[in-house]
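Source file query.cif; content: mmCIF, C-alpha atoms.
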```
data_structure
#
loop_
_atom_site.label_atom_id
_atom_site.label_comp_id
_atom_site.auth_asym_id
_atom_site.auth_seq_id
_atom_site.Cartn_x
_atom_site.Cartn_y
_atom_site.Cartn_z
CA MET E 696 64.93 186.05 18.84
CA SER E 697 66.00 189.21 20.59
CA ALA E 698 68.76 191.35 19.20
CA ILE E 699 72.32 190.87 20.42
CA LYS E 700 73.19 193.94 22.44
CA VAL E 701 76.75 195.28 22.20
CA VAL E 702 77.13 198.57 24.06
CA ASP E 703 79.88 201.15 24.42
CA TYR E 704 82.39 200.57 27.21
CA ASP E 705 81.00 201.35 30.65
CA PRO E 706 83.53 202.55 33.27
CA ALA E 707 81.33 200.86 35.92
CA TRP E 708 82.34 197.39 34.68
CA PRO E 709 85.55 197.04 36.75
CA GLY E 710 83.59 197.95 39.89
CA LEU E 711 80.88 195.41 39.02
CA PHE E 712 83.61 192.78 38.63
CA GLU E 713 85.03 193.65 42.08
CA ARG E 714 81.53 193.36 43.61
CA ASP E 715 81.02 189.96 41.98
CA LYS E 716 84.53 188.83 42.94
CA SER E 717 83.72 189.59 46.60
CA ARG E 718 80.48 187.58 46.37
CA ILE E 719 82.33 184.64 44.80
CA LEU E 720 85.11 184.74 47.39
CA LYS E 721 82.54 184.61 50.20
CA LEU E 722 80.92 181.62 48.53
CA ILE E 723 83.93 179.52 47.41
CA GLY E 724 87.02 181.50 48.43
CA ASP E 725 88.53 178.54 50.26
CA MET E 726 88.54 176.59 46.97
CA VAL E 727 89.84 179.30 44.64
CA LYS E 728 93.33 179.88 43.27
CA GLY E 729 92.32 183.03 41.37
CA ILE E 730 89.35 185.04 40.12
CA HIS E 731 89.81 186.74 36.76
CA HIS E 732 87.77 189.37 34.92
CA ILE E 733 87.71 188.11 31.34
CA GLY E 734 85.79 188.94 28.19
CA SER E 735 85.27 192.30 26.57
CA THR E 736 84.08 194.05 29.75
CA SER E 737 87.61 193.48 31.12
CA VAL E 738 89.27 195.60 28.40
CA VAL E 739 89.04 199.34 29.05
CA GLY E 740 87.38 201.11 26.13
CA LEU E 741 86.11 197.95 24.41
CA PRO E 742 82.40 197.70 23.58
CA ALA E 743 80.77 194.57 24.98
CA LYS E 744 77.64 192.71 25.82
CA PRO E 745 76.84 194.13 29.27
CA LYS E 746 77.59 190.91 31.12
CA ILE E 747 80.58 190.59 33.43
CA ASP E 748 82.48 187.40 32.53
CA ILE E 749 84.49 185.82 35.33
CA ASP E 750 86.76 182.78 35.44
CA ALA E 751 87.20 181.31 38.92
CA VAL E 752 90.17 178.98 38.82
CA LEU E 753 89.93 176.35 41.51
CA LEU E 754 92.88 175.05 43.53
CA SER E 755 92.48 171.58 42.01
CA GLU E 756 90.26 169.59 39.70
CA THR E 757 89.03 167.52 42.66
CA LEU E 758 87.25 170.62 44.02
CA VAL E 759 85.05 171.10 40.93
CA PRO E 760 82.05 169.03 42.18
CA ALA E 761 81.99 170.72 45.62
CA ALA E 762 82.40 174.20 44.13
CA VAL E 763 79.64 173.58 41.58
CA GLU E 764 77.35 172.34 44.37
CA ARG E 765 78.09 175.38 46.54
CA VAL E 766 77.40 177.89 43.75
CA GLN E 767 74.26 175.96 42.71
CA SER E 768 72.94 176.37 46.25
CA VAL E 769 72.66 180.15 45.75
CA ALA E 770 69.34 181.10 44.19
CA GLU E 771 70.75 184.03 42.21
CA PHE E 772 72.87 181.72 40.00
CA THR E 773 71.49 179.53 37.21
CA PHE E 774 73.62 176.49 36.43
CA HIS E 775 74.31 175.61 32.78
CA GLY E 776 76.69 172.67 33.23
CA ASP E 777 79.76 172.37 30.99
CA PRO E 778 78.04 173.36 27.73
CA TYR E 779 81.10 173.08 25.46
CA GLY E 780 82.77 170.09 27.12
CA ASP E 781 85.87 172.15 27.89
CA GLY E 782 85.80 171.92 31.67
CA MET E 783 84.24 175.36 32.14
CA TRP E 784 81.31 174.91 34.55
CA THR E 785 78.99 177.80 33.76
CA PHE E 786 76.59 179.89 35.86
CA THR E 787 74.68 183.07 35.07
CA SER E 788 72.95 185.67 37.19
CA GLY E 789 71.08 188.81 36.24
CA HIS E 790 68.49 189.26 33.54
CA GLY E 791 68.59 189.42 29.76
CA SER E 792 71.82 190.90 28.44
CA TYR E 793 72.80 192.29 31.85
CA GLY E 794 74.40 190.39 34.67
CA THR E 795 77.26 188.00 35.39
CA ARG E 796 78.55 184.86 33.74
CA LEU E 797 80.72 182.81 36.10
CA TYR E 798 82.91 179.94 34.93
CA LEU E 799 84.52 177.47 37.34
CA CYS E 800 87.54 175.57 36.07
CA ARG E 801 90.55 173.56 37.17
CA PRO E 802 94.04 175.10 37.13
CA GLU E 803 95.64 175.34 33.66
CA ASN E 804 92.32 174.85 31.86
CA ALA E 805 93.07 175.51 28.15
CA THR E 806 89.97 177.69 27.63
CA HIS E 807 90.90 179.85 30.62
CA VAL E 808 94.52 180.19 29.41
CA LYS E 809 93.28 181.31 25.96
CA ARG E 810 90.92 183.87 27.53
CA ILE E 811 93.74 185.41 29.55
CA LEU E 812 96.04 185.53 26.50
CA PHE E 813 93.28 187.19 24.45
CA ARG E 814 92.33 189.70 27.17
CA ASP E 815 95.92 190.70 27.88
CA TRP E 816 96.71 191.12 24.16
CA LEU E 817 93.73 193.42 23.63
CA ARG E 818 94.67 195.44 26.72
CA LYS E 819 98.17 196.04 25.31
CA HIS E 820 97.25 196.45 21.62
CA PRO E 821 94.61 199.16 21.06
CA ASP E 822 94.67 198.56 17.30
CA ALA E 823 93.61 194.93 17.80
CA ALA E 824 90.96 196.02 20.33
CA ALA E 825 89.56 198.54 17.82
CA GLU E 826 89.47 195.87 15.09
CA TYR E 827 87.65 193.52 17.47
CA ALA E 828 85.16 196.26 18.43
CA SER E 829 84.31 196.85 14.76
CA LEU E 830 83.86 193.13 14.19
CA LYS E 831 81.56 192.80 17.23
CA TYR E 832 79.32 195.68 16.14
CA LYS E 833 79.14 194.30 12.58
CA LEU E 834 78.28 190.77 13.73
CA ALA E 835 75.70 191.95 16.27
CA ALA E 836 73.95 193.95 13.53
CA GLU E 837 74.01 191.02 11.09
CA ALA E 838 73.22 188.21 13.54
CA ASN E 839 69.51 189.00 13.96
CA GLY E 840 69.65 187.41 17.42
CA ASP E 841 71.55 184.30 16.26
CA TRP E 842 74.18 183.69 18.94
CA LYS E 843 75.91 180.94 16.95
CA PHE E 844 76.39 183.36 14.04
CA TYR E 845 77.67 186.10 16.35
CA THR E 846 80.06 183.88 18.31
CA GLY E 847 81.17 181.91 15.26
CA GLY E 848 81.92 185.14 13.40
CA LYS E 849 84.44 186.09 16.10
CA SER E 850 86.24 182.73 16.28
CA ASP E 851 88.84 183.30 13.53
CA PHE E 852 89.79 186.69 14.98
CA VAL E 853 90.06 185.28 18.50
CA ALA E 854 92.14 182.30 17.33
CA ARG E 855 94.51 184.62 15.44
CA ILE E 856 95.02 186.85 18.49
CA VAL E 857 95.55 183.88 20.84
CA GLN E 858 98.13 182.49 18.43
CA GLU E 859 99.93 185.86 18.19
CA ALA E 860 99.86 186.26 21.98
CA SER E 861 101.20 182.72 22.49
CA ARG E 862 104.00 183.25 19.97
CA SER E 863 104.97 186.51 21.65
CA LYS E 864 105.40 184.54 24.89
CA GLY E 865 107.52 181.93 23.13
CA HIS E 866 105.13 178.98 23.16
CA SER E 867 102.38 177.48 21.04
CA ALA E 868 98.73 178.29 21.62
CA PRO E 869 96.86 176.04 24.09
CA ARG E 870 94.57 173.46 22.50
#
```
Spell out the structure here as structure tokens.
Amino acid sequence: MSAIKVVDYDPAWPGLFERDKSRILKLIGDMVKGIHHIGSTSVVGLPAKPKIDIDAVLLSETLVPAAVERVQSVAEFTFHGDPYGDGMWTFTSGHGSYGTRLYLCRPENATHVKRILFRDWLRKHPDAAAEYASLKYKLAAEANGDWKFYTGGKSDFVARIVQEASRSKGHSAPR
């Protein structure tokens, strides 16, 4: 197993997102309601795995099969299906720790809503972002390449932040 790489924030990440967003719009723009930079690379100053995470929210659930087919037709993307059964159709491009992870989903997908709540909370609360950064570095060092350990070690923190962010907006966290 190769080590999990968490690197210091790179100011190039927003530009890489914009480049990828343009590529995605050319490919499936007629099917898309919105394209969102999510994950740690979307929070200025936050260390991250050097992969740009993107949620492309489709106009409707009925467009999922056609959008998946269109993205699959591009050689640079590798299709991973819906690995967690949460309606997030996953593609990757790039190599190793570097590259892009693209998720296609229907409008109001619960996983997407949670990601936006989490991202926006970290953007507005530097203390929470700093706590998350420390946790990520610690887990990456302890994981010894075990992605389940790394991801699982973040889940309680993420759930707590999503719950706080939901409460601050006056509603319960998405399921």
Handout entry: Selection result for the PyMOL selection byres ((chain E and resi 840) around 6) on this file, as a PyMOL selection string
Key = chain E and resi 696-699+838-839+841
Problem - Explicit residues for the PyMOL selection byres ((chain E and resi 753) around 10) (as a PyMOL selection string) - result: chain E and resi 723-730+750-752+754-759+762+799-803
Practice task
Point out the residue among E:Val808, E:Ile733, E:Leu722, E:Val739 with the least atom-to-atom distance to Ser768 of chain E, counting all atoms listed in the file.
Solution key: E:Leu722
Problem - Selected residue of minimal separation from His732 of chain E among E:Asp815, E:Asp703, E:Asp781, E:Glu764, counting only C-alpha atoms - result: E:Asp815
Practice task
Go ahead and compute the interatomic distance for atom CA of Glu859 of chain E and atom CA of Tyr798 of chain E, in Å to one decimal.
Solution key: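 Going from atom CA of Glu859 of chain E over to atom CA of Tyr798 of chain E, I get 24.6 Å.
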Practice task
Just give me the gap between atom CA of Asp851 of chain E and atom CA of Val701 of chain E in Å, one decimal is fine.
Solution key: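 Atom-to-atom, atom CA of Asp851 of chain E to atom CA of Val701 of chain E, that is 19.1 Å.
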Practice task
Take the PyMOL selection byres ((chain E and resi 769) around 12), apply it to the structure above, and return the hits as a list in words.
Solution key: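 Checking the PyMOL selection byres ((chain E and resi 769) around 12) against this file, the residues are Arg718, Ile719, Lys721, Leu722, Ile723, Ala762, Val763, Glu764, Arg765, Val766, Gln767, Ser768, Ala770, Glu771, Phe772, Thr773, Phe774, Phe786, Thr787 and Ser788 of chain E.
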Exercise for the section: Have a look at E:Leu711, E:Val857, E:Leu834, E:Leu817 and name the one nearest to Ala805 of chain E; count all atoms listed in the file. Expected result: E:Val857
Problem - Gap from atom CA of Ala824 of chain E to atom CA of Leu741 of chain E - Å, one decimal - result: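 According to the coordinates, atom CA of Ala824 of chain E and atom CA of Leu741 of chain E are separated by 6.6 Å.
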Handout entry: Selection near Ser735 of chain E, 12 Å with all atoms listed in the file, sequence-local residues under 4 positions removed, as a count of residues only
Key = 32
Counting only C-alpha atoms, find the residues whose atoms lie at most 9 Å from (89.0, 173.5, 26.7) (file coordinates) and write them out as a PDB file with C-alpha atoms, in the coordinates of the input.
```
ATOM      1  CA  TYR E 779      81.100 173.080  25.460  1.00  0.00           C
ATOM      2  CA  GLY E 780      82.770 170.090  27.120  1.00  0.00           C
ATOM      3  CA  ASP E 781      85.870 172.150  27.890  1.00  0.00           C
ATOM      4  CA  GLY E 782      85.800 171.920  31.670  1.00  0.00           C
ATOM      5  CA  MET E 783      84.240 175.360  32.140  1.00  0.00           C
ATOM      6  CA  ASN E 804      92.320 174.850  31.860  1.00  0.00           C
ATOM      7  CA  ALA E 805      93.070 175.510  28.150  1.00  0.00           C
ATOM      8  CA  THR E 806      89.970 177.690  27.630  1.00  0.00           C
ATOM      9  CA  HIS E 807      90.900 179.850  30.620  1.00  0.00           C
ATOM     10  CA  LYS E 809      93.280 181.310  25.960  1.00  0.00           C
ATOM     11  CA  PRO E 869      96.860 176.040  24.090  1.00  0.00           C
ATOM     12  CA  ARG E 870      94.570 173.460  22.500  1.00  0.00           C
TER      13      ARG E 870
END
```
Completion exercise
In terms of all atoms listed in the file, the residue from E:Ala761, E:His790, E:Ala835, E:Val738 at minimal distance from Pro821 of chain E is E:Val738
Supply segment 698-720 of chain E as a short mmCIF file (atom, residue, chain, number, x, y, z; two decimals), in the coordinates of the input, with N, CA and C atoms built in where the input has gaps.
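rebuild_6.cif, freshly written:
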```cif
data_model
loop_
_atom_site.label_atom_id
_atom_site.label_comp_id
_atom_site.auth_asym_id
_atom_site.auth_seq_id
_atom_site.Cartn_x
_atom_site.Cartn_y
_atom_site.Cartn_z
N ALA E 698 67.52 190.85 19.77
CA ALA E 698 68.76 191.35 19.20
C ALA E 698 69.93 191.15 20.17
N ILE E 699 71.10 190.97 19.61
CA ILE E 699 72.32 190.87 20.42
C ILE E 699 72.75 192.29 20.72
N LYS E 700 72.90 192.58 22.00
CA LYS E 700 73.19 193.94 22.44
C LYS E 700 74.67 194.08 22.74
N VAL E 701 75.37 194.90 21.93
CA VAL E 701 76.75 195.28 22.20
C VAL E 701 76.70 196.78 22.48
N VAL E 702 77.20 197.17 23.64
CA VAL E 702 77.13 198.57 24.06
C VAL E 702 78.53 199.15 24.22
N ASP E 703 78.61 200.48 24.20
CA ASP E 703 79.88 201.15 24.42
C ASP E 703 80.42 200.79 25.80
N TYR E 704 81.74 200.88 25.94
CA TYR E 704 82.39 200.57 27.21
C TYR E 704 81.76 201.37 28.34
N ASP E 705 81.57 200.72 29.46
CA ASP E 705 81.00 201.35 30.65
C ASP E 705 82.06 201.35 31.76
N PRO E 706 82.51 202.52 32.22
CA PRO E 706 83.53 202.55 33.27
C PRO E 706 83.08 201.91 34.59
N ALA E 707 81.81 201.55 34.71
CA ALA E 707 81.33 200.86 35.92
C ALA E 707 81.71 199.39 35.91
N TRP E 708 82.09 198.83 34.77
CA TRP E 708 82.34 197.39 34.68
C TRP E 708 83.42 196.89 35.63
N PRO E 709 84.57 197.56 35.78
CA PRO E 709 85.55 197.04 36.75
C PRO E 709 85.00 196.97 38.17
N GLY E 710 84.20 197.96 38.56
CA GLY E 710 83.59 197.95 39.89
C GLY E 710 82.58 196.81 40.05
N LEU E 711 81.83 196.53 38.98
CA LEU E 711 80.88 195.41 39.02
C LEU E 711 81.64 194.09 39.16
N PHE E 712 82.78 193.98 38.46
CA PHE E 712 83.61 192.78 38.63
C PHE E 712 84.06 192.64 40.08
N GLU E 713 84.55 193.72 40.69
CA GLU E 713 85.03 193.65 42.08
C GLU E 713 83.90 193.24 43.02
N ARG E 714 82.70 193.75 42.79
CA ARG E 714 81.53 193.36 43.61
C ARG E 714 81.27 191.87 43.46
N ASP E 715 81.27 191.37 42.21
CA ASP E 715 81.02 189.96 41.98
C ASP E 715 82.14 189.09 42.54
N LYS E 716 83.39 189.56 42.40
CA LYS E 716 84.53 188.83 42.94
C LYS E 716 84.37 188.64 44.45
N SER E 717 83.95 189.69 45.15
CA SER E 717 83.72 189.59 46.60
C SER E 717 82.65 188.55 46.92
N ARG E 718 81.56 188.56 46.16
CA ARG E 718 80.48 187.58 46.37
C ARG E 718 81.00 186.16 46.16
N ILE E 719 81.80 185.97 45.12
CA ILE E 719 82.33 184.64 44.80
C ILE E 719 83.32 184.18 45.87
N LEU E 720 84.16 185.10 46.34
CA LEU E 720 85.11 184.74 47.39
C LEU E 720 84.40 184.32 48.67
#
```
